[in-house]
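Worksheet for the structure shown next.
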Amino acid sequence: MFKFQHNQQLEKRMIDYYETKSQPITRLQVWEAYWKVRKNKGGAGIDNMSLEALDRIRDKELYKLWNRLSSGSYYPPPVKEVSIKKKDGGQRKLGVPTILDRVAQEVVRAHLDEQVEPKFHDSSYGYRKGRNQHQAIREATKQALQYKWAIDLDIKGFFDTIDHHLLLKAVSHYCKDRWILMYIKRWLKAGILQEDGMITDRITGTPQGGVISPLLSNIFLHVVFDRWMEIHHPEKPFERYADDIVVHCVSEKQALFLKSCIQGRMDDCKLVMHPMKTKVVNFRGESNKRYPRKLDFLGFTIKLQMVRTKAGLKLMTTHVISSKSKSSVLEKFRAMKIHKMRTSIESVSARFSPIIRGVMNYYCKFWNGHTIGIWWRLNDRLIKWVKWEKGKSVRAAIRWLKEVYKKQPDLFPHWKLVHP
C-alpha cells in the first residue's frame, strides 16, 4: 500500500514537472533555462540577487517564476544600466537583467531559436550554435583574396536604435506563438535603471546584456540585411557577425553603388549607417581615388601583405591583430599594475595566466607571429616587477627571470612564444 502511494506521488510530481497552464511553458523548461543561465554566470540585476543567493531559495523561486510565466502574469523588472569601456575609448551601455529575468528570457529564447535558426543565412556567424568569430574572419580573409573591393559597414548604435514595431513584425513573420510575442513586447517595454538611480522607459532598442537580445538582433538583421542581400544582390558575398558586416565587390563602381543601395535599405528600416566608420576598402583594385587598403573586423585587421612561402615571397590577404585590439590588451596588462604586486612570481602568474590564455586563444587561433610585440611588452613588465620586488638592476632582473624560465618554462603561457 505504501509503495503504491509513493508511486502515485512520484507520478504526480512528474506530471506537474511537465505541466503547462494557459501558456505552454513547463517546469522542465524553466529548470533547463536556469542551468544554462547558471553556467554562463553574470552579475546581479536591480534586485542585487546573486547566483549564490538564488541557489539557497532556488526551488521556491523557480516554481514561482514558472507559475507566473505559464499563467501569463510575468512582467519583467527594469534592467540595470552598466557602462563599460569600448576599444575606441567611448562607453558602451549594457542592460543587466535580474538572474530570474535571465532565466525567463532563456525559456523564450530557447523556444524561439528552434524556430528561426534553420532560416538564418549561411553568412551569419554571430550568436549561433556551431558558429563563431574565427569562422567569420577566415571567410572574410578568403573572400578578400578573390574580390578586390569591400564595404566595411558600421551601424550607428544598432542595439539602441532597433525600431520595436519593425522588430516585432520580423519576429512574428517567423514565429506565430502569441506567448512568445507577448513576452518579447514586455521585455522591449521594460524600463532601465540608470546609473544615477533614475528609471527611464525604453522607446527603441533592445539592451545589450539581455539573454534574448542577441537572438532578436539576429532576427532583425536577417530580415533587414541578410534576406535582402539574398534577394537583391545574391552574387555578392558577405560576412555578418551581429552588426559587424563586410560585403565583397568586384569593382569600385559596384562597391559605391551597393553602398548607396544598403544606405537606402537601412534608412527604410530606421537604422543609421555610421558616416565615418562605414567605408569602401580597396584591397588591390585600380582607381584614381584613394581608399583605405585594409579593414578591421572582429578585432583583426584584414589586409594585403607579402608573405614568405616555400616558393618565395607572395602577395596574400592575411589577418593580424588590429591596432585597437593591441592597445586594449596592453591597457589591460597596464591596469593590473604588475610592478606594484608584492608577492611571488607564481602568484603573479596565477593573476595573469587566465588573461594571457584568453588573448592567445582568440588572437593566436590562426598564427601567432603578429602578437609577438604584445608578449615582448609583457616580459618588459615582468622585468620591471623583478626590479621592484627583488631590488635588482635591469640586467640582474633579466638574468633572474631567465633562471625562472629555465626551471619553469610553462609558468607563463606566452613564454611558449616569447621567453625572457
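Residue numbers start at 1 in each chain; chains themselves are named A, B, ... in the order of the C-alpha cells; ligands are numbered from 1 in the order shown.
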Residues at most 12 Å from Arg227 in chain A, counting only C-alpha atoms, excluding those fewer than 5 positions away in the same chain, as a list in words? Lys119, Phe120, His121, Asp122, Ser123, Ser124, Ala170, Asn218, Ile219, Phe220, Leu221, His222, His232, His233, Pro234, Phe238 and Arg265 of chain A
Residue subset to file, keeping C-alpha atoms, as a CSV table (one decimal), in the first residue's frame:
chain,number,residue,atom,x,y,z
A,119,LYS,CA,16.0,30.1,-41.5
A,120,PHE,CA,19.2,32.1,-40.9
A,121,HIS,CA,21.7,32.9,-43.7
A,122,ASP,CA,24.9,30.9,-44.0
A,123,SER,CA,26.9,34.1,-43.9
A,124,SER,CA,25.6,35.0,-40.5
A,170,ALA,CA,10.1,40.4,-38.1
A,218,ASN,CA,19.9,38.4,-35.4
A,219,ILE,CA,16.2,38.1,-36.5
A,220,PHE,CA,16.0,41.8,-37.2
A,221,LEU,CA,19.2,41.9,-39.3
A,222,HIS,CA,18.3,38.7,-41.1
A,232,HIS,CA,18.6,41.7,-54.5
A,233,HIS,CA,22.3,41.0,-54.6
A,234,PRO,CA,22.8,37.2,-54.4
A,238,PHE,CA,29.3,38.9,-47.2
A,265,ARG,CA,17.7,49.9,-47.1
Once DSSP has gone over the backbone, tell me which residues of range 280-386 of chain A are in alpha helix (DSSP H), as number ranges by chain. A: 323-335, 345-363, 372-386
Could you turn the residues from that selection into a file that holds N, CA and C atoms, as a short mmCIF file (atom, residue, chain, number, x, y, z; two decimals), in the first residue's frame?
data_model
loop_
_atom_site.label_atom_id
_atom_site.label_comp_id
_atom_site.auth_asym_id
_atom_site.auth_seq_id
_atom_site.Cartn_x
_atom_site.Cartn_y
_atom_site.Cartn_z
N SER A 323 45.08 47.41 -34.41
CA SER A 323 45.73 48.37 -33.51
C SER A 323 44.89 48.61 -32.26
N LYS A 324 43.56 48.72 -32.44
CA LYS A 324 42.67 48.93 -31.29
C LYS A 324 42.72 47.75 -30.33
N SER A 325 42.73 46.54 -30.88
CA SER A 325 42.77 45.35 -30.04
C SER A 325 44.10 45.25 -29.30
N LYS A 326 45.18 45.56 -30.00
CA LYS A 326 46.50 45.53 -29.38
C LYS A 326 46.57 46.52 -28.22
N SER A 327 46.08 47.73 -28.46
CA SER A 327 46.07 48.76 -27.40
C SER A 327 45.21 48.33 -26.23
N SER A 328 44.08 47.68 -26.52
CA SER A 328 43.17 47.22 -25.47
C SER A 328 43.82 46.15 -24.60
N VAL A 329 44.54 45.21 -25.23
CA VAL A 329 45.23 44.16 -24.47
C VAL A 329 46.32 44.76 -23.60
N LEU A 330 47.13 45.66 -24.18
CA LEU A 330 48.22 46.28 -23.41
C LEU A 330 47.69 47.13 -22.27
N GLU A 331 46.55 47.79 -22.50
CA GLU A 331 45.93 48.59 -21.44
C GLU A 331 45.45 47.70 -20.30
N LYS A 332 44.96 46.52 -20.64
CA LYS A 332 44.51 45.57 -19.61
C LYS A 332 45.69 45.14 -18.75
N PHE A 333 46.83 44.86 -19.38
CA PHE A 333 48.04 44.50 -18.62
C PHE A 333 48.53 45.68 -17.78
N ARG A 334 48.46 46.87 -18.35
CA ARG A 334 48.94 48.06 -17.65
C ARG A 334 48.07 48.34 -16.42
N ALA A 335 46.75 48.15 -16.56
CA ALA A 335 45.82 48.44 -15.46
C ALA A 335 46.02 47.51 -14.27
N ILE A 345 56.44 35.19 -7.79
CA ILE A 345 56.28 35.10 -9.25
C ILE A 345 55.16 34.13 -9.61
N GLU A 346 54.95 33.11 -8.77
CA GLU A 346 53.87 32.14 -9.02
C GLU A 346 52.50 32.80 -8.86
N SER A 347 52.39 33.71 -7.88
CA SER A 347 51.12 34.42 -7.68
C SER A 347 50.85 35.39 -8.83
N VAL A 348 51.91 36.02 -9.31
CA VAL A 348 51.78 36.91 -10.47
C VAL A 348 51.28 36.11 -11.67
N SER A 349 51.85 34.92 -11.85
CA SER A 349 51.43 34.05 -12.94
C SER A 349 49.95 33.66 -12.81
N ALA A 350 49.52 33.35 -11.59
CA ALA A 350 48.12 32.97 -11.36
C ALA A 350 47.17 34.10 -11.72
N ARG A 351 47.60 35.36 -11.51
CA ARG A 351 46.76 36.51 -11.83
C ARG A 351 46.71 36.76 -13.34
N PHE A 352 47.85 36.59 -14.01
CA PHE A 352 47.95 36.97 -15.41
C PHE A 352 47.60 35.85 -16.39
N SER A 353 47.83 34.61 -16.01
CA SER A 353 47.70 33.49 -16.95
C SER A 353 46.32 33.37 -17.59
N PRO A 354 45.21 33.52 -16.83
CA PRO A 354 43.89 33.42 -17.49
C PRO A 354 43.70 34.47 -18.60
N ILE A 355 44.20 35.69 -18.36
CA ILE A 355 44.08 36.75 -19.36
C ILE A 355 44.96 36.43 -20.57
N ILE A 356 46.18 35.97 -20.30
CA ILE A 356 47.10 35.63 -21.39
C ILE A 356 46.51 34.51 -22.25
N ARG A 357 45.95 33.49 -21.61
CA ARG A 357 45.35 32.38 -22.37
C ARG A 357 44.18 32.87 -23.22
N GLY A 358 43.38 33.77 -22.65
CA GLY A 358 42.25 34.31 -23.41
C GLY A 358 42.70 35.04 -24.66
N VAL A 359 43.76 35.86 -24.52
CA VAL A 359 44.30 36.60 -25.67
C VAL A 359 44.87 35.63 -26.70
N MET A 360 45.61 34.63 -26.23
CA MET A 360 46.22 33.66 -27.15
C MET A 360 45.16 32.82 -27.85
N ASN A 361 44.14 32.40 -27.11
CA ASN A 361 43.09 31.55 -27.71
C ASN A 361 42.35 32.29 -28.82
N TYR A 362 42.21 33.62 -28.65
CA TYR A 362 41.47 34.36 -29.67
C TYR A 362 42.37 34.84 -30.80
N TYR A 363 43.45 35.54 -30.46
CA TYR A 363 44.26 36.18 -31.49
C TYR A 363 45.32 35.27 -32.09
N ILE A 372 53.67 38.94 -31.36
CA ILE A 372 54.97 38.90 -30.68
C ILE A 372 55.24 40.18 -29.88
N GLY A 373 54.89 41.33 -30.47
CA GLY A 373 55.13 42.60 -29.79
C GLY A 373 54.43 42.71 -28.45
N ILE A 374 53.23 42.13 -28.34
CA ILE A 374 52.49 42.16 -27.07
C ILE A 374 53.25 41.40 -26.00
N TRP A 375 53.80 40.25 -26.37
CA TRP A 375 54.49 39.41 -25.37
C TRP A 375 55.84 40.00 -24.97
N TRP A 376 56.50 40.71 -25.91
CA TRP A 376 57.73 41.41 -25.53
C TRP A 376 57.42 42.48 -24.49
N ARG A 377 56.32 43.20 -24.70
CA ARG A 377 55.93 44.26 -23.76
C ARG A 377 55.56 43.67 -22.40
N LEU A 378 54.92 42.51 -22.41
CA LEU A 378 54.56 41.87 -21.14
C LEU A 378 55.80 41.41 -20.39
N ASN A 379 56.77 40.87 -21.13
CA ASN A 379 58.03 40.47 -20.49
C ASN A 379 58.75 41.68 -19.89
N ASP A 380 58.66 42.83 -20.56
CA ASP A 380 59.26 44.06 -20.00
C ASP A 380 58.61 44.41 -18.67
N ARG A 381 57.31 44.18 -18.56
CA ARG A 381 56.61 44.46 -17.30
C ARG A 381 57.04 43.47 -16.21
N LEU A 382 57.28 42.23 -16.61
CA LEU A 382 57.77 41.25 -15.64
C LEU A 382 59.16 41.63 -15.14
N ILE A 383 59.99 42.12 -16.04
CA ILE A 383 61.33 42.58 -15.64
C ILE A 383 61.21 43.74 -14.66
N LYS A 384 60.26 44.64 -14.92
CA LYS A 384 60.04 45.78 -14.02
C LYS A 384 59.58 45.29 -12.65
N TRP A 385 58.75 44.24 -12.63
CA TRP A 385 58.30 43.67 -11.35
C TRP A 385 59.49 43.10 -10.58
N VAL A 386 60.38 42.40 -11.28
CA VAL A 386 61.56 41.82 -10.61
C VAL A 386 62.42 42.93 -10.01
#
What does the distance from CA of Ser393 in chain A to CA of Lys407 in chain A come to in Å, to one decimal?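 One can read the CA of Ser393 in chain A to CA of Lys407 in chain A distance as 21.3 Å.
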What gap, in Å, lies between CA of Pro420 in chain A and CA of Thr343 in chain A?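 Value for the CA of Pro420 in chain A-CA of Thr343 in chain A distance: 19.5 Å.
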Tell me, as a ChimeraX atom specification, which residues lie within 10 Å of Leu271 in chain A, counting only C-alpha atoms; anything in the same chain fewer than 6 positions away does not count. /A:155-158,161-163,224,263-265
Best match for closeness to Leu295 in chain A among A:Leu181, A:Val246, A:Leu65, A:Ile212, counting only C-alpha atoms: A:Val246
All strand (DSSP E or B) positions in range 79-243 of chain A, as a ChimeraX atom specification: /A:79-85,91-96,124,149-155,192-193,199-200,208,210,238-241
From the options A:Val418, A:Cys249, A:Ala136, A:Ile99, which residue's atoms come nearest to Met49 in chain A, counting only C-alpha atoms? A:Ile99
Applying 10 Å and only C-alpha atoms, which residues near Tyr74 in chain A remain after dropping the ones on its own chain fewer than 5 positions away? List them as a list of chain:residue names.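 Residues near the query, excluding close chain neighbours: A:Lys64, A:Leu65, A:Trp66, A:Asn67, A:Arg68, A:Leu69, A:Asp101, A:Ala104, A:Tyr183, A:Arg186.
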For the residues in the current selection, export all heavy atoms as a compact mmCIF listing (two decimals), in the first residue's frame.
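Dumped everything to part.txt:
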# COMPACT_ATOMS: atom_id res chain seq x y z
N LYS A 64 7.90 29.68 -8.47
CA LYS A 64 7.13 30.93 -8.57
C LYS A 64 7.26 31.53 -9.98
O LYS A 64 6.28 32.02 -10.56
CB LYS A 64 7.66 31.92 -7.52
CG LYS A 64 6.77 33.16 -7.35
CD LYS A 64 7.45 34.20 -6.46
CE LYS A 64 7.79 33.64 -5.08
NZ LYS A 64 8.43 34.69 -4.23
N LEU A 65 8.49 31.48 -10.52
CA LEU A 65 8.72 32.01 -11.87
C LEU A 65 7.93 31.22 -12.90
O LEU A 65 7.30 31.80 -13.80
CB LEU A 65 10.22 31.96 -12.19
CG LEU A 65 10.62 32.46 -13.59
CD1 LEU A 65 10.30 33.94 -13.75
CD2 LEU A 65 12.11 32.20 -13.84
N TRP A 66 7.94 29.88 -12.77
CA TRP A 66 7.17 29.04 -13.71
C TRP A 66 5.69 29.37 -13.62
O TRP A 66 5.00 29.46 -14.64
CB TRP A 66 7.41 27.56 -13.39
CG TRP A 66 6.43 26.67 -14.11
CD1 TRP A 66 6.39 26.40 -15.45
CD2 TRP A 66 5.32 25.97 -13.53
NE1 TRP A 66 5.33 25.58 -15.73
CE2 TRP A 66 4.66 25.29 -14.58
CE3 TRP A 66 4.84 25.85 -12.23
CZ2 TRP A 66 3.53 24.50 -14.36
CZ3 TRP A 66 3.72 25.05 -12.02
CH2 TRP A 66 3.07 24.39 -13.06
N ASN A 67 5.18 29.53 -12.40
CA ASN A 67 3.77 29.86 -12.22
C ASN A 67 3.40 31.13 -12.98
O ASN A 67 2.36 31.20 -13.64
CB ASN A 67 3.46 30.04 -10.73
CG ASN A 67 2.65 28.89 -10.17
OD1 ASN A 67 1.74 28.40 -10.83
ND2 ASN A 67 2.97 28.46 -8.97
N ARG A 68 4.24 32.14 -12.86
CA ARG A 68 3.94 33.41 -13.50
C ARG A 68 4.09 33.34 -15.01
O ARG A 68 3.28 33.90 -15.76
CB ARG A 68 4.85 34.50 -12.92
CG ARG A 68 4.53 34.83 -11.46
CD ARG A 68 5.54 35.80 -10.87
NE ARG A 68 5.18 36.15 -9.49
CZ ARG A 68 5.95 36.84 -8.68
NH1 ARG A 68 7.14 37.25 -9.09
NH2 ARG A 68 5.55 37.12 -7.45
N LEU A 69 5.18 32.66 -15.46
CA LEU A 69 5.37 32.53 -16.90
C LEU A 69 4.25 31.74 -17.56
O LEU A 69 3.71 32.13 -18.61
CB LEU A 69 6.72 31.84 -17.19
CG LEU A 69 7.99 32.68 -17.07
CD1 LEU A 69 9.22 31.79 -17.16
CD2 LEU A 69 8.03 33.76 -18.14
N ASP A 101 15.06 37.02 -14.27
CA ASP A 101 14.60 37.50 -15.58
C ASP A 101 15.42 36.89 -16.70
O ASP A 101 14.90 36.62 -17.79
CB ASP A 101 14.67 39.03 -15.63
CG ASP A 101 13.96 39.59 -16.85
OD1 ASP A 101 12.83 39.13 -17.13
OD2 ASP A 101 14.52 40.46 -17.53
N ALA A 104 13.90 33.59 -17.34
CA ALA A 104 12.67 33.75 -18.13
C ALA A 104 13.01 34.02 -19.59
O ALA A 104 12.38 33.44 -20.51
CB ALA A 104 11.83 34.89 -17.55
N TYR A 183 5.66 38.12 -24.45
CA TYR A 183 6.78 38.36 -23.54
C TYR A 183 7.86 39.23 -24.17
O TYR A 183 8.50 40.04 -23.48
CB TYR A 183 7.35 37.03 -23.05
CG TYR A 183 6.52 36.41 -21.96
CD1 TYR A 183 6.06 35.11 -22.05
CD2 TYR A 183 6.16 37.15 -20.84
CE1 TYR A 183 5.28 34.54 -21.04
CE2 TYR A 183 5.37 36.61 -19.84
CZ TYR A 183 4.94 35.31 -19.94
OH TYR A 183 4.16 34.77 -18.94
N ARG A 186 6.90 42.74 -23.70
CA ARG A 186 7.12 43.19 -22.32
C ARG A 186 8.58 43.48 -22.04
O ARG A 186 8.91 44.44 -21.33
CB ARG A 186 6.58 42.13 -21.34
CG ARG A 186 5.06 42.01 -21.36
CD ARG A 186 4.56 40.95 -20.41
NE ARG A 186 3.11 40.76 -20.54
CZ ARG A 186 2.42 39.86 -19.86
NH1 ARG A 186 3.03 39.05 -19.00
NH2 ARG A 186 1.11 39.75 -20.04
Taking 3 positions as the minimum chain separation for residues in the same chain, which residues sit within 12 Å of Leu51 in chain A when counting only C-alpha atoms? Answer as a PyMOL selection string. chain A and resi 34-35+37-45+47-48+54-58+98-100+102-103
Non-local contacts of Thr204 in chain A (9 Å; only C-alpha atoms; under 2 positions in same chain excluded) as a PyMOL selection string: chain A and resi 159-164+188-189+202+206
Rounded to one decimal place, report the CA of Lys142 in chain A-CA of Met316 in chain A distance in Å. 9.8 Å
Find the residues near Lys259 in chain A: any atom within 9 Å, counting only C-alpha atoms, skip ones fewer than 6 places away on the same chain, and give them as a list of chain:residue names.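 Neighbouring residues, sequence-local ones excluded: A:Ile151, A:Leu153, A:Lys279, A:Val280.
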